[in-house]
$ cat input32.txt   # compact mmCIF, C-alpha atoms
# COMPACT_ATOMS: atom_id res chain seq x y z
CA MET A 128 7.11 -15.31 -10.25
CA SER A 129 4.93 -12.67 -11.88
CA GLU A 130 1.52 -11.94 -10.45
CA SER A 131 -1.57 -13.23 -12.23
CA PRO A 132 -4.34 -11.21 -13.86
CA HIS A 133 -7.68 -11.80 -12.23
CA ALA A 134 -9.61 -12.97 -15.33
CA LEU A 135 -11.47 -16.27 -14.95
CA ASP A 136 -12.42 -18.81 -17.59
CA ASP A 137 -16.08 -18.92 -16.53
CA PRO A 138 -16.82 -16.49 -13.68
CA ALA A 139 -20.59 -17.00 -13.95
CA ALA A 140 -20.21 -20.75 -13.36
CA THR A 141 -17.83 -20.17 -10.45
CA LEU A 142 -20.24 -17.67 -8.92
CA ARG A 143 -23.14 -20.13 -9.22
CA ARG A 144 -21.04 -22.74 -7.45
CA ARG A 145 -20.21 -20.37 -4.62
CA LEU A 146 -23.87 -19.43 -4.19
CA GLN A 147 -24.97 -23.05 -3.63
CA PRO A 148 -26.29 -23.74 -0.10
CA ARG A 149 -23.75 -25.36 2.20
CA ALA A 150 -24.21 -27.83 5.01
CA THR A 151 -23.97 -26.20 8.41
CA HIS A 152 -22.01 -27.32 11.46
CA TRP A 153 -22.66 -26.81 15.14
CA LEU A 154 -20.19 -23.91 15.49
CA ASP A 155 -21.29 -22.03 12.36
CA ILE A 156 -22.15 -18.37 12.86
CA GLU A 157 -24.81 -16.28 11.13
CA SER A 158 -25.06 -12.51 11.21
CA GLY A 159 -27.13 -9.87 9.52
CA LEU A 160 -24.71 -7.21 8.32
CA GLU A 161 -25.95 -3.63 8.24
CA HIS A 162 -24.36 -0.51 6.74
CA PHE A 163 -21.93 -2.63 4.72
CA ALA A 164 -19.28 -0.84 2.65
CA LEU A 165 -16.72 -2.33 0.27
CA ILE A 166 -13.89 0.16 -0.34
CA ASN A 167 -11.46 -1.09 -2.98
CA TYR A 168 -7.98 0.19 -3.81
CA ALA A 169 -5.75 -0.58 -6.81
CA LEU A 170 -2.03 -0.10 -6.10
CA PRO A 171 1.39 -1.27 -7.30
CA ALA A 172 1.83 -4.97 -6.55
CA ALA A 173 5.34 -4.41 -5.17
CA ARG A 174 3.88 -2.63 -2.14
CA LEU A 175 1.66 -5.58 -1.22
CA ARG A 176 3.92 -8.51 -2.07
CA PRO A 177 5.97 -8.43 1.19
CA HIS A 178 2.77 -8.72 3.26
CA VAL A 179 1.32 -11.84 1.58
CA PRO A 180 2.78 -15.38 1.74
CA GLN A 181 4.20 -16.84 -1.46
CA ARG A 182 1.44 -19.46 -1.48
CA PHE A 183 -0.79 -16.69 -2.85
CA GLU A 184 -0.45 -14.72 -6.06
CA LEU A 185 -1.72 -11.17 -6.08
CA ALA A 186 -4.76 -10.90 -8.36
CA THR A 187 -4.12 -7.93 -10.63
CA VAL A 188 -6.16 -5.69 -12.91
CA GLU A 189 -5.00 -3.52 -15.79
CA ILE A 190 -5.88 0.16 -15.43
CA ASP A 191 -4.56 2.80 -17.84
CA GLY A 192 -2.05 0.32 -19.22
CA GLU A 193 -0.60 -0.59 -15.80
CA ARG A 194 -1.18 -3.78 -13.83
CA ARG A 195 -2.34 -3.14 -10.28
CA ALA A 196 -2.99 -5.36 -7.27
CA MET A 197 -6.14 -4.79 -5.24
CA MET A 198 -7.03 -4.62 -1.56
CA SER A 199 -10.12 -3.53 0.35
CA VAL A 200 -11.51 -2.19 3.59
CA VAL A 201 -14.91 -3.57 4.64
CA PRO A 202 -16.68 -1.84 7.55
CA PHE A 203 -20.13 -2.99 8.72
CA VAL A 204 -22.35 -3.53 11.74
CA ASP A 205 -22.94 -7.11 12.91
CA ALA A 206 -26.61 -6.67 13.77
CA ASP A 207 -27.37 -10.10 15.27
CA PHE A 208 -24.16 -12.11 15.44
CA HIS A 209 -25.00 -15.61 16.77
CA PHE A 210 -24.16 -19.29 16.54
CA ARG A 211 -26.79 -20.94 14.35
CA HIS A 212 -27.10 -24.10 16.47
CA LEU A 213 -25.32 -23.37 19.75
CA LEU A 214 -27.47 -21.05 21.90
CA PRO A 215 -28.98 -19.32 18.84
CA PHE A 216 -31.01 -16.96 21.05
CA VAL A 217 -27.79 -15.34 22.37
CA ARG A 218 -27.06 -12.52 19.94
CA PHE A 219 -24.57 -9.67 19.78
CA ARG A 220 -24.47 -6.34 17.99
CA PHE A 221 -21.13 -4.65 17.26
CA CYS A 222 -19.08 -2.91 14.59
CA GLN A 223 -16.43 -4.64 12.54
CA THR A 224 -13.88 -3.68 9.87
CA ASN A 225 -11.99 -6.20 7.71
CA TYR A 226 -8.73 -5.33 5.93
CA ARG A 227 -7.97 -7.70 3.07
CA VAL A 228 -6.07 -8.32 -0.19
CA TYR A 229 -7.48 -10.02 -3.31
CA VAL A 230 -5.31 -13.04 -4.08
CA ILE A 231 -5.24 -16.37 -5.90
CA ASP A 232 -4.40 -19.57 -4.03
CA ARG A 233 -1.64 -21.24 -6.06
CA THR A 234 -2.66 -24.69 -4.72
CA THR A 235 -6.29 -24.50 -5.90
CA GLY A 236 -6.37 -21.70 -8.51
CA GLU A 237 -9.28 -20.14 -6.58
CA HIS A 238 -9.71 -16.41 -6.04
CA VAL A 239 -9.65 -15.87 -2.27
CA VAL A 240 -8.69 -13.08 0.15
CA TRP A 241 -5.73 -12.56 2.44
CA PHE A 242 -6.64 -10.77 5.68
CA PHE A 243 -4.30 -8.28 7.30
CA GLY A 244 -6.70 -8.44 10.25
CA THR A 245 -9.98 -7.16 11.66
CA THR A 246 -11.05 -4.61 14.27
CA LEU A 247 -14.12 -5.31 16.43
CA GLY A 248 -16.04 -3.04 18.74
CA SER A 249 -16.96 -5.85 21.15
CA TRP A 250 -15.57 -7.88 24.04
CA THR A 251 -16.07 -10.98 21.83
CA VAL A 252 -12.72 -10.11 20.23
CA TRP A 253 -10.92 -11.61 23.24
CA PRO A 254 -12.35 -15.16 23.28
CA ALA A 255 -11.90 -15.33 19.49
CA ARG A 256 -8.23 -14.40 19.83
CA TRP A 257 -7.72 -16.93 22.62
CA LEU A 258 -9.65 -19.85 21.10
CA TRP A 259 -8.65 -19.57 17.45
CA ARG A 260 -5.64 -17.20 17.46
CA ILE A 261 -7.42 -15.15 14.81
CA PRO A 262 -6.02 -11.62 14.11
CA TRP A 263 -8.90 -9.63 15.57
CA TYR A 264 -8.14 -6.42 17.44
CA PRO A 265 -10.24 -4.28 19.81
CA ALA A 266 -11.57 -0.90 18.69
CA ARG A 267 -14.00 1.78 19.82
CA TYR A 268 -16.52 2.83 17.17
CA GLN A 269 -18.74 5.78 16.42
CA VAL A 270 -21.29 5.17 13.65
CA ALA A 271 -23.67 7.61 11.98
CA CYS A 272 -25.50 5.88 9.13
CA GLU A 273 -28.97 6.89 7.93
CA TYR A 274 -30.60 4.89 5.14
CA ASP A 275 -33.59 6.27 3.21
CA GLY A 276 -35.59 3.19 2.23
CA ALA A 277 -37.91 5.11 -0.09
CA ALA A 278 -35.03 6.70 -2.00
CA ARG A 279 -32.93 3.50 -1.75
CA ARG A 280 -29.83 5.41 -0.75
CA TYR A 281 -27.98 6.65 2.32
CA ARG A 282 -28.51 10.17 3.57
CA ARG A 283 -25.44 9.76 5.75
CA PHE A 284 -22.72 7.10 6.00
CA ARG A 285 -19.94 7.58 8.52
CA TYR A 286 -17.71 5.37 10.68
CA ARG A 287 -14.97 6.29 13.14
CA ALA A 288 -12.81 3.55 14.69
CA THR A 289 -10.15 4.10 17.33
CA SER A 290 -7.72 1.21 17.69
CA ALA A 291 -4.07 0.78 18.61
CA TRP A 292 -3.82 -1.64 15.67
CA GLY A 293 -5.55 0.54 13.10
CA ASP A 294 -7.61 3.74 13.39
CA ALA A 295 -10.12 4.40 10.62
CA ARG A 296 -12.22 7.25 9.29
CA VAL A 297 -14.89 6.48 6.70
CA GLU A 298 -17.35 9.02 5.36
CA LEU A 299 -19.09 8.29 2.06
CA ALA A 300 -21.70 9.84 -0.23
CA ASP A 301 -24.13 7.30 -1.67
CA THR A 302 -25.01 8.01 -5.31
CA GLY A 303 -27.99 5.65 -5.18
CA GLU A 304 -26.83 4.27 -8.55
CA PRO A 305 -27.00 0.44 -8.64
CA VAL A 306 -23.83 -1.48 -9.46
CA ARG A 307 -24.69 -3.08 -12.79
CA ALA A 308 -21.65 -2.78 -15.06
CA PRO A 309 -17.97 -3.77 -14.81
CA LEU A 310 -15.50 -1.17 -13.60
CA PRO A 311 -11.98 -0.55 -14.97
CA GLY A 312 -9.83 -3.66 -14.96
CA PHE A 313 -12.65 -6.20 -15.18
CA ALA A 314 -13.62 -8.09 -18.32
CA SER A 315 -17.27 -8.57 -17.33
CA PHE A 316 -19.77 -7.80 -14.60
CA ASP A 317 -19.70 -11.44 -13.38
CA ASP A 318 -15.91 -11.27 -13.23
CA MET A 319 -16.05 -8.15 -11.05
CA VAL A 320 -18.77 -9.50 -8.75
CA LEU A 321 -16.96 -12.78 -8.23
CA VAL A 322 -13.54 -11.27 -7.50
CA LEU A 323 -14.66 -8.33 -5.33
CA THR A 324 -17.75 -9.62 -3.51
CA HIS A 325 -17.58 -13.43 -3.53
CA PRO A 326 -14.14 -14.62 -2.44
CA VAL A 327 -15.62 -17.08 0.06
CA ASP A 328 -12.33 -18.40 1.50
CA GLY A 329 -10.09 -16.21 3.61
CA TYR A 330 -6.55 -16.74 4.91
CA PHE A 331 -4.51 -14.91 7.53
CA TYR A 332 -1.51 -15.06 9.82
CA ARG A 333 -2.68 -16.42 13.16
CA LEU A 334 -1.43 -14.71 16.29
CA ASP A 335 1.06 -17.57 16.70
CA GLY A 336 2.48 -16.93 13.20
CA ALA A 337 0.92 -19.94 11.44
CA VAL A 338 -1.41 -19.48 8.46
CA GLY A 339 -5.09 -19.97 9.25
CA THR A 340 -8.26 -20.06 7.18
CA TYR A 341 -12.04 -19.94 7.37
CA SER A 342 -14.86 -19.57 4.86
CA VAL A 343 -18.13 -17.66 4.47
CA SER A 344 -21.21 -17.87 2.30
CA HIS A 345 -23.82 -15.29 1.34
CA ASP A 346 -26.22 -14.27 -1.41
CA VAL A 347 -25.46 -11.78 -4.17
CA LEU A 348 -25.20 -8.30 -2.67
CA GLU A 349 -27.51 -5.50 -3.80
CA LEU A 350 -25.01 -2.67 -4.14
CA THR A 351 -24.91 1.02 -4.99
CA HIS A 352 -21.94 3.16 -5.95
CA ALA A 353 -20.54 5.67 -3.46
CA THR A 354 -17.93 8.41 -3.55
CA PRO A 355 -15.40 9.34 -0.83
CA VAL A 356 -15.91 12.29 1.51
CA ASP A 357 -13.25 11.30 4.05
CA LEU A 358 -11.12 8.12 4.07
CA ARG A 359 -8.14 7.50 6.35
CA PHE A 360 -6.76 4.15 7.50
CA GLY A 361 -3.95 4.00 10.03
CA LEU A 362 -3.00 0.44 9.04
CA PHE A 363 -2.29 1.42 5.43
CA GLU A 364 -0.19 4.37 6.56
CA ARG A 365 1.77 2.23 9.03
CA LEU A 366 2.50 -0.43 6.40
CA GLY A 367 3.42 2.15 3.75
CA LEU A 368 0.73 0.90 1.37
CA LEU A 369 -1.12 4.16 0.67
CA SER A 370 -0.49 7.84 1.21
CA ALA A 371 -3.19 10.10 2.62
CA ASP A 372 -3.89 11.38 -0.89
CA GLU A 373 -4.12 7.86 -2.35
CA MET A 374 -6.61 6.83 0.33
CA MET A 375 -8.97 9.46 -1.02
CA ARG A 376 -8.79 7.95 -4.51
CA PRO A 377 -10.14 4.39 -4.26
CA HIS A 378 -10.76 2.21 -7.30
CA SER A 379 -14.42 1.75 -6.26
CA ILE A 380 -16.80 1.97 -3.32
CA PHE A 381 -19.95 -0.15 -2.97
CA LEU A 382 -22.67 0.12 -0.31
CA CYS A 383 -25.30 -2.35 0.89
CA PRO A 384 -27.83 -1.51 3.63
CA ARG A 385 -28.28 -5.11 4.79
CA THR A 386 -27.26 -8.65 3.92
CA VAL A 387 -26.78 -11.95 5.76
CA PHE A 388 -23.50 -13.86 6.03
CA GLN A 389 -22.81 -17.37 7.28
CA ILE A 390 -19.34 -17.90 8.76
CA HIS A 391 -18.28 -21.54 8.70
CA MET A 392 -16.43 -22.23 11.91
CA PRO A 393 -14.08 -22.90 13.49
CA PRO A 394 -11.08 -21.34 11.74
CA ARG A 395 -8.39 -23.95 11.14
CA ARG A 396 -4.64 -23.98 10.82
CA CYS A 397 -3.32 -24.58 7.28
CA ARG A 398 -0.78 -27.31 6.70

$ encode --input "input32.txt" --output "structure tokens"
Amino acid sequence: MSESPHALDDPAATLRRRLQPRATHWLDIESGLEHFALINYALPAARLRPHVPQRFELATVEIDGERRAMMSVVPFVDADFHFRHLLPFVRFRFCQTNYRVYVIDRTTGEHVVWFFGTTLGSWTVWPARWLWRIPWYPARYQVACEYDGAARRYRRFRYRATSAWGDARVELADTGEPVRAPLPGFASFDDMVLVLTHPVDGYFYRLDGAVGTYSVSHDVLELTHATPVDLRFGLFERLGLLSADEMMRPHSIFLCPRTVFQIHMPPRRCR
């Protein structure tokens, strides 16, 4: 079956629906995310297809007359990771990087993401793996991010992650230019925002091989454009998804100094 273009009938209405407040549950997590980057790549769909279950179509964009699938790397600092209702005063700070593919769930028609996995710079990776079999992997991080509030841009933005599952180098130059217009492949600004920043449901292979899922919610992100200084991701090299040269040529890079996410827990096994 051919992959689907990403275009939505009414992306603004879908975005409004996803921004509606949700009821919380006793295991829900909230975290302020600092130094948040969204690094997007457009690549031939054939490279990604073997890594994503057939339940999901690859959402594609047309760039220079060629349809491309899209995936992203999302590094950030969990500044105050905590359960909203269960011991809310116990909080953790650590670095995290998500590796994900933009897909469409054939069963619902919704734009969602497929996670390759996540690296965490915290011991909390181990209970999460044990309790929920979620594909989180330990990493050691070095972070050097300096945000100039008056100028509304980063003076420096750099991550280094060392992990047996996936090393990463991220160094970016913040232009300070707000993200206000659609980029190549997107029919409208709402379309781009919805597909790239608001896929609230995520799916993944659990550590036991079953498919799992969880969801998040958050406000619209205040983003600026950035350009690459140094980008290298061991996972993409290992899977043969991008060459070293291609990693330095992302489709887009967005930065946000701080936002708040709710993670609706626990992750569950899909039928």

$ closest_residue --input "input32.txt" --among "A:Gly303, A:Pro326, A:Pro215, A:Pro262" --to "Val338 (chain A)" --atoms "only C-alpha atoms"
A:Pro262

$ residues_around --input "input32.txt" --residues "Phe313 (chain A)" --least-positions-apart "3" --cutoff "10 Å" --atoms "only C-alpha atoms" --output "PyMOL selection string"
chain A and resi 132-134+187-190+308-310+316-320+322

$ write_last_selection --input "input32.txt" --atoms "C-alpha atoms" --output "CSV table (one decimal), keeping the file's coordinate frame"
chain,number,residue,atom,x,y,z
A,132,PRO,CA,-4.3,-11.2,-13.9
A,133,HIS,CA,-7.7,-11.8,-12.2
A,134,ALA,CA,-9.6,-13.0,-15.3
A,187,THR,CA,-4.1,-7.9,-10.6
A,188,VAL,CA,-6.2,-5.7,-12.9
A,189,GLU,CA,-5.0,-3.5,-15.8
A,190,ILE,CA,-5.9,0.2,-15.4
A,308,ALA,CA,-21.6,-2.8,-15.1
A,309,PRO,CA,-18.0,-3.8,-14.8
A,310,LEU,CA,-15.5,-1.2,-13.6
A,316,PHE,CA,-19.8,-7.8,-14.6
A,317,ASP,CA,-19.7,-11.4,-13.4
A,318,ASP,CA,-15.9,-11.3,-13.2
A,319,MET,CA,-16.0,-8.2,-11.0
A,320,VAL,CA,-18.8,-9.5,-8.8
A,322,VAL,CA,-13.5,-11.3,-7.5

$ residues_around --input "input32.txt" --residues "Pro254 (chain A)" --least-positions-apart "5" --cutoff "12 Å" --atoms "only C-alpha atoms" --output "PyMOL selection string"
chain A and resi 249+259-265

$ atom_distance --input "input32.txt" --atom1 "CA of Asp191 (chain A)" --atom2 "CA of Leu323 (chain A)"
19.6 Å

$ closest_residue --input "input32.txt" --among "A:Arg149, A:Arg227, A:Arg296, A:Arg211" --to "Val270 (chain A)" --atoms "all atoms listed in the file"
A:Arg296

$ closest_residue --input "input32.txt" --among "A:Val306, A:Gly329, A:Pro202, A:Trp241" --to "Ala288 (chain A)" --atoms "all atoms listed in the file"
A:Pro202

$ residues_around --input "input32.txt" --residues "Phe208 (chain A)" --least-positions-apart "4" --cutoff "8 Å" --atoms "only C-alpha atoms" --output "PDB file with C-alpha atoms, keeping the file's coordinate frame"
ATOM      1  CA  ILE A 156     -22.150 -18.370  12.860  1.00  0.00           C
ATOM      2  CA  GLU A 157     -24.810 -16.280  11.130  1.00  0.00           C
ATOM      3  CA  SER A 158     -25.060 -12.510  11.210  1.00  0.00           C
ATOM      4  CA  GLY A 159     -27.130  -9.870   9.520  1.00  0.00           C
ATOM      5  CA  ARG A 218     -27.060 -12.520  19.940  1.00  0.00           C
ATOM      6  CA  PHE A 219     -24.570  -9.670  19.780  1.00  0.00           C
ATOM      7  CA  ARG A 220     -24.470  -6.340  17.990  1.00  0.00           C
TER       8      ARG A 220
END

$ axis_aligned_box --input "input32.txt" --around "region 332-347 of chain A" --padding-each-side "6 Å" --output "lines of an AutoDock Vina configuration file"
center_x = -11.9
center_y = -15.9
center_z = 6.3
size_x = 40.7
size_y = 20.3
size_z = 32.9

$ residues_around --input "input32.txt" --residues "Tyr274 (chain A)" --least-positions-apart "3" --cutoff "12 Å" --atoms "all atoms listed in the file" --output "PyMOL selection string"
chain A and resi 161-163+271+277-285+300-301+303+382-385

$ write_last_selection --input "input32.txt" --atoms "C-alpha atoms" --output "PDB file, in the frame of the given file"
ATOM      1  CA  GLU A 161     -25.950  -3.630   8.240  1.00  0.00           C
ATOM      2  CA  HIS A 162     -24.360  -0.510   6.740  1.00  0.00           C
ATOM      3  CA  PHE A 163     -21.930  -2.630   4.720  1.00  0.00           C
ATOM      4  CA  ALA A 271     -23.670   7.610  11.980  1.00  0.00           C
ATOM      5  CA  ALA A 277     -37.910   5.110  -0.090  1.00  0.00           C
ATOM      6  CA  ALA A 278     -35.030   6.700  -2.000  1.00  0.00           C
ATOM      7  CA  ARG A 279     -32.930   3.500  -1.750  1.00  0.00           C
ATOM      8  CA  ARG A 280     -29.830   5.410  -0.750  1.00  0.00           C
ATOM      9  CA  TYR A 281     -27.980   6.650   2.320  1.00  0.00           C
ATOM     10  CA  ARG A 282     -28.510  10.170   3.570  1.00  0.00           C
ATOM     11  CA  ARG A 283     -25.440   9.760   5.750  1.00  0.00           C
ATOM     12  CA  PHE A 284     -22.720   7.100   6.000  1.00  0.00           C
ATOM     13  CA  ARG A 285     -19.940   7.580   8.520  1.00  0.00           C
ATOM     14  CA  ALA A 300     -21.700   9.840  -0.230  1.00  0.00           C
ATOM     15  CA  ASP A 301     -24.130   7.300  -1.670  1.00  0.00           C
ATOM     16  CA  GLY A 303     -27.990   5.650  -5.180  1.00  0.00           C
ATOM     17  CA  LEU A 382     -22.670   0.120  -0.310  1.00  0.00           C
ATOM     18  CA  CYS A 383     -25.300  -2.350   0.890  1.00  0.00           C
ATOM     19  CA  PRO A 384     -27.830  -1.510   3.630  1.00  0.00           C
ATOM     20  CA  ARG A 385     -28.280  -5.110   4.790  1.00  0.00           C
TER      21      ARG A 385
END

$ atom_distance --input "input32.txt" --atom1 "CA of Ser344 (chain A)" --atom2 "CA of Gln389 (chain A)"
5.3 Å

$ atom_distance --input "input32.txt" --atom1 "CA of Val204 (chain A)" --atom2 "CA of Ile380 (chain A)"
17.0 Å

$ residues_around --input "input32.txt" --residues "Glu364 (chain A)" --least-positions-apart "4" --cutoff "12 Å" --atoms "only C-alpha atoms" --output "NGL selection string"
:A and (174 or 292-295 or 358-360 or 368-374)

$ write_last_selection --input "input32.txt" --atoms "C-alpha atoms" --output "short mmCIF file (atom, residue, chain, number, x, y, z; two decimals), in the frame of the given file"
data_model
loop_
_atom_site.label_atom_id
_atom_site.label_comp_id
_atom_site.auth_asym_id
_atom_site.auth_seq_id
_atom_site.Cartn_x
_atom_site.Cartn_y
_atom_site.Cartn_z
CA ARG A 174 3.88 -2.63 -2.14
CA TRP A 292 -3.82 -1.64 15.67
CA GLY A 293 -5.55 0.54 13.10
CA ASP A 294 -7.61 3.74 13.39
CA ALA A 295 -10.12 4.40 10.62
CA LEU A 358 -11.12 8.12 4.07
CA ARG A 359 -8.14 7.50 6.35
CA PHE A 360 -6.76 4.15 7.50
CA LEU A 368 0.73 0.90 1.37
CA LEU A 369 -1.12 4.16 0.67
CA SER A 370 -0.49 7.84 1.21
CA ALA A 371 -3.19 10.10 2.62
CA ASP A 372 -3.89 11.38 -0.89
CA GLU A 373 -4.12 7.86 -2.35
CA MET A 374 -6.61 6.83 0.33
#

$ closest_residue --input "input32.txt" --among "A:Gly312, A:His209, A:Ser290, A:Tyr332" --to "Asp155 (chain A)" --atoms "all atoms listed in the file"
A:His209

$ closest_residue --input "input32.txt" --among "A:Leu258, A:Thr289, A:Gly236, A:Asp137" --to "Ala314 (chain A)" --atoms "only C-alpha atoms"
A:Asp137

$ closest_residue --input "input32.txt" --among "A:Gln223, A:Ser199, A:Thr354, A:Thr235" --to "Leu299 (chain A)" --atoms "only C-alpha atoms"
A:Thr354

$ residues_near_point --input "input32.txt" --point "(-5.5, -13.1, -2.9)" --cutoff "9 Å" --atoms "all atoms listed in the file" --output "mmCIF file with C-alpha atoms, keeping the file's coordinate frame"
data_model
loop_
_atom_site.group_PDB
_atom_site.id
_atom_site.type_symbol
_atom_site.label_atom_id
_atom_site.label_comp_id
_atom_site.auth_asym_id
_atom_site.auth_seq_id
_atom_site.Cartn_x
_atom_site.Cartn_y
_atom_site.Cartn_z
ATOM 1 C CA VAL A 179 1.320 -11.840 1.580
ATOM 2 C CA PHE A 183 -0.790 -16.690 -2.850
ATOM 3 C CA GLU A 184 -0.450 -14.720 -6.060
ATOM 4 C CA LEU A 185 -1.720 -11.170 -6.080
ATOM 5 C CA ALA A 186 -4.760 -10.900 -8.360
ATOM 6 C CA MET A 197 -6.140 -4.790 -5.240
ATOM 7 C CA MET A 198 -7.030 -4.620 -1.560
ATOM 8 C CA ARG A 227 -7.970 -7.700 3.070
ATOM 9 C CA VAL A 228 -6.070 -8.320 -0.190
ATOM 10 C CA TYR A 229 -7.480 -10.020 -3.310
ATOM 11 C CA VAL A 230 -5.310 -13.040 -4.080
ATOM 12 C CA ILE A 231 -5.240 -16.370 -5.900
ATOM 13 C CA ASP A 232 -4.400 -19.570 -4.030
ATOM 14 C CA GLU A 237 -9.280 -20.140 -6.580
ATOM 15 C CA HIS A 238 -9.710 -16.410 -6.040
ATOM 16 C CA VAL A 239 -9.650 -15.870 -2.270
ATOM 17 C CA VAL A 240 -8.690 -13.080 0.150
ATOM 18 C CA TRP A 241 -5.730 -12.560 2.440
ATOM 19 C CA PHE A 242 -6.640 -10.770 5.680
ATOM 20 C CA PRO A 326 -14.140 -14.620 -2.440
ATOM 21 C CA GLY A 329 -10.090 -16.210 3.610
ATOM 22 C CA TYR A 330 -6.550 -16.740 4.910
#
